[in-house]
Amino acid sequence: MQNMKTIKYRQYFKGEFYFWGYIDGHFQTPLSNADACNLESQQFTGLTDKNNKEIYEGDILKSEYNGEHSVIFRDGTFCIKHVNEADGSRGCCKPWRGGNLSEQCNSEEVIGNIYETPELLN
C-alpha cells in the first residue's frame with residue numbers, strides 16, 4: 001500500500017480541538033453535532049515546529065528571527081502574518097522564506113492559537 005499524505009483539519013468547539021481528515025490511513029469525519037456544523041476548519045500544514053508539534057492554520061508561532069506571527073492560508077499557500085498587522089491588509093501575508101515553509105520550521109515554536117490564546121495577537 002502506498003504511503004498517503006496525512007490530510008488533517010481541526011475544529012475548536014466548546015473549549016477543545018476536534019480533528020478530522022485522512023489520518024493514519026483512515027478517513028475520520030468532522031463533528032456532526034448541529035452546533036458544530038458552522039465551525040471554521042483549520043488545515044494542518046504538514047509541518048512541525050522545533051519541538052515536533054504539528055503546525056496548523058491559526059497557530060501563533062514564535063521565531064528567534066522574525067518575532068511572533070500567526071499562520072494563515074491565502075491564495076493557495078500557507079503564510080505568516082505578524083501579530084501586530086491588521087487582518088484586512090493584503091500586504092500582511094508573507095510566504096515563509098519565499099514560500100518554503102519547511103526551511104524555517106526548525107526555528108519556529110507554536111506558542112498558542114487564535115482560539116485558546118487570542119491575547120497573543122495584540
# chains A, B, ... in the order shown; residues from 1 in each chain; ligands from 1

call {"tool": "residues_around", "arguments": {"residues": "stretch 65-75 of chain A", "least_positions_apart": "2", "cutoff": "9 Å", "atoms": "only C-alpha atoms", "output": "PyMOL selection string"}}
result
chain A and resi 42-43+55-63+77-84+93+107-108+111+113-114+120-121

call {"tool": "write_last_selection", "arguments": {"atoms": "C-alpha atoms", "output": "PDB file, in the first residue's frame"}}
result
ATOM      1  CA  GLN A  42      -8.084  24.818  10.158  1.00  0.00           C
ATOM      2  CA  GLN A  43      -5.768  22.792   7.947  1.00  0.00           C
ATOM      3  CA  ILE A  55       1.570  23.401  12.886  1.00  0.00           C
ATOM      4  CA  TYR A  56      -1.990  24.329  11.833  1.00  0.00           C
ATOM      5  CA  GLU A  57      -3.661  27.334  10.310  1.00  0.00           C
ATOM      6  CA  GLY A  58      -4.491  29.680  13.190  1.00  0.00           C
ATOM      7  CA  ASP A  59      -1.436  28.749  15.250  1.00  0.00           C
ATOM      8  CA  ILE A  60       0.674  31.515  16.715  1.00  0.00           C
ATOM      9  CA  LEU A  61       4.383  30.950  16.279  1.00  0.00           C
ATOM     10  CA  LYS A  62       7.431  32.492  17.832  1.00  0.00           C
ATOM     11  CA  SER A  63      10.652  32.723  15.879  1.00  0.00           C
ATOM     12  CA  THR A  77      -0.323  28.765   0.231  1.00  0.00           C
ATOM     13  CA  PHE A  78       0.373  28.859   3.943  1.00  0.00           C
ATOM     14  CA  CYS A  79       1.701  32.251   5.007  1.00  0.00           C
ATOM     15  CA  ILE A  80       2.740  34.068   8.132  1.00  0.00           C
ATOM     16  CA  LYS A  81       1.222  37.293   9.382  1.00  0.00           C
ATOM     17  CA  HIS A  82       2.980  39.313  12.038  1.00  0.00           C
ATOM     18  CA  VAL A  83       0.685  39.577  15.029  1.00  0.00           C
ATOM     19  CA  ASN A  84       0.552  43.366  15.008  1.00  0.00           C
ATOM     20  CA  CYS A  93       0.576  37.745   4.131  1.00  0.00           C
ATOM     21  CA  SER A 107      13.475  27.785  14.488  1.00  0.00           C
ATOM     22  CA  GLU A 108       9.694  28.177  14.961  1.00  0.00           C
ATOM     23  CA  ILE A 111       3.146  29.242  21.458  1.00  0.00           C
ATOM     24  CA  ASN A 113      -3.507  29.689  18.675  1.00  0.00           C
ATOM     25  CA  ILE A 114      -6.215  32.171  17.785  1.00  0.00           C
ATOM     26  CA  LEU A 120      -1.035  36.877  21.857  1.00  0.00           C
ATOM     27  CA  LEU A 121      -2.395  38.622  18.762  1.00  0.00           C
TER      28      LEU A 121
END

call {"tool": "atom_distance", "arguments": {"atom1": "atom CA of A:Glu119", "atom2": "atom CA of A:Gly21"}}
result
28.9 Å

call {"tool": "closest_residue", "arguments": {"among": "A:Gly46, A:Ser41, A:Glu116, A:Lys53", "to": "A:Gly15", "atoms": "only C-alpha atoms"}}
result
A:Glu116
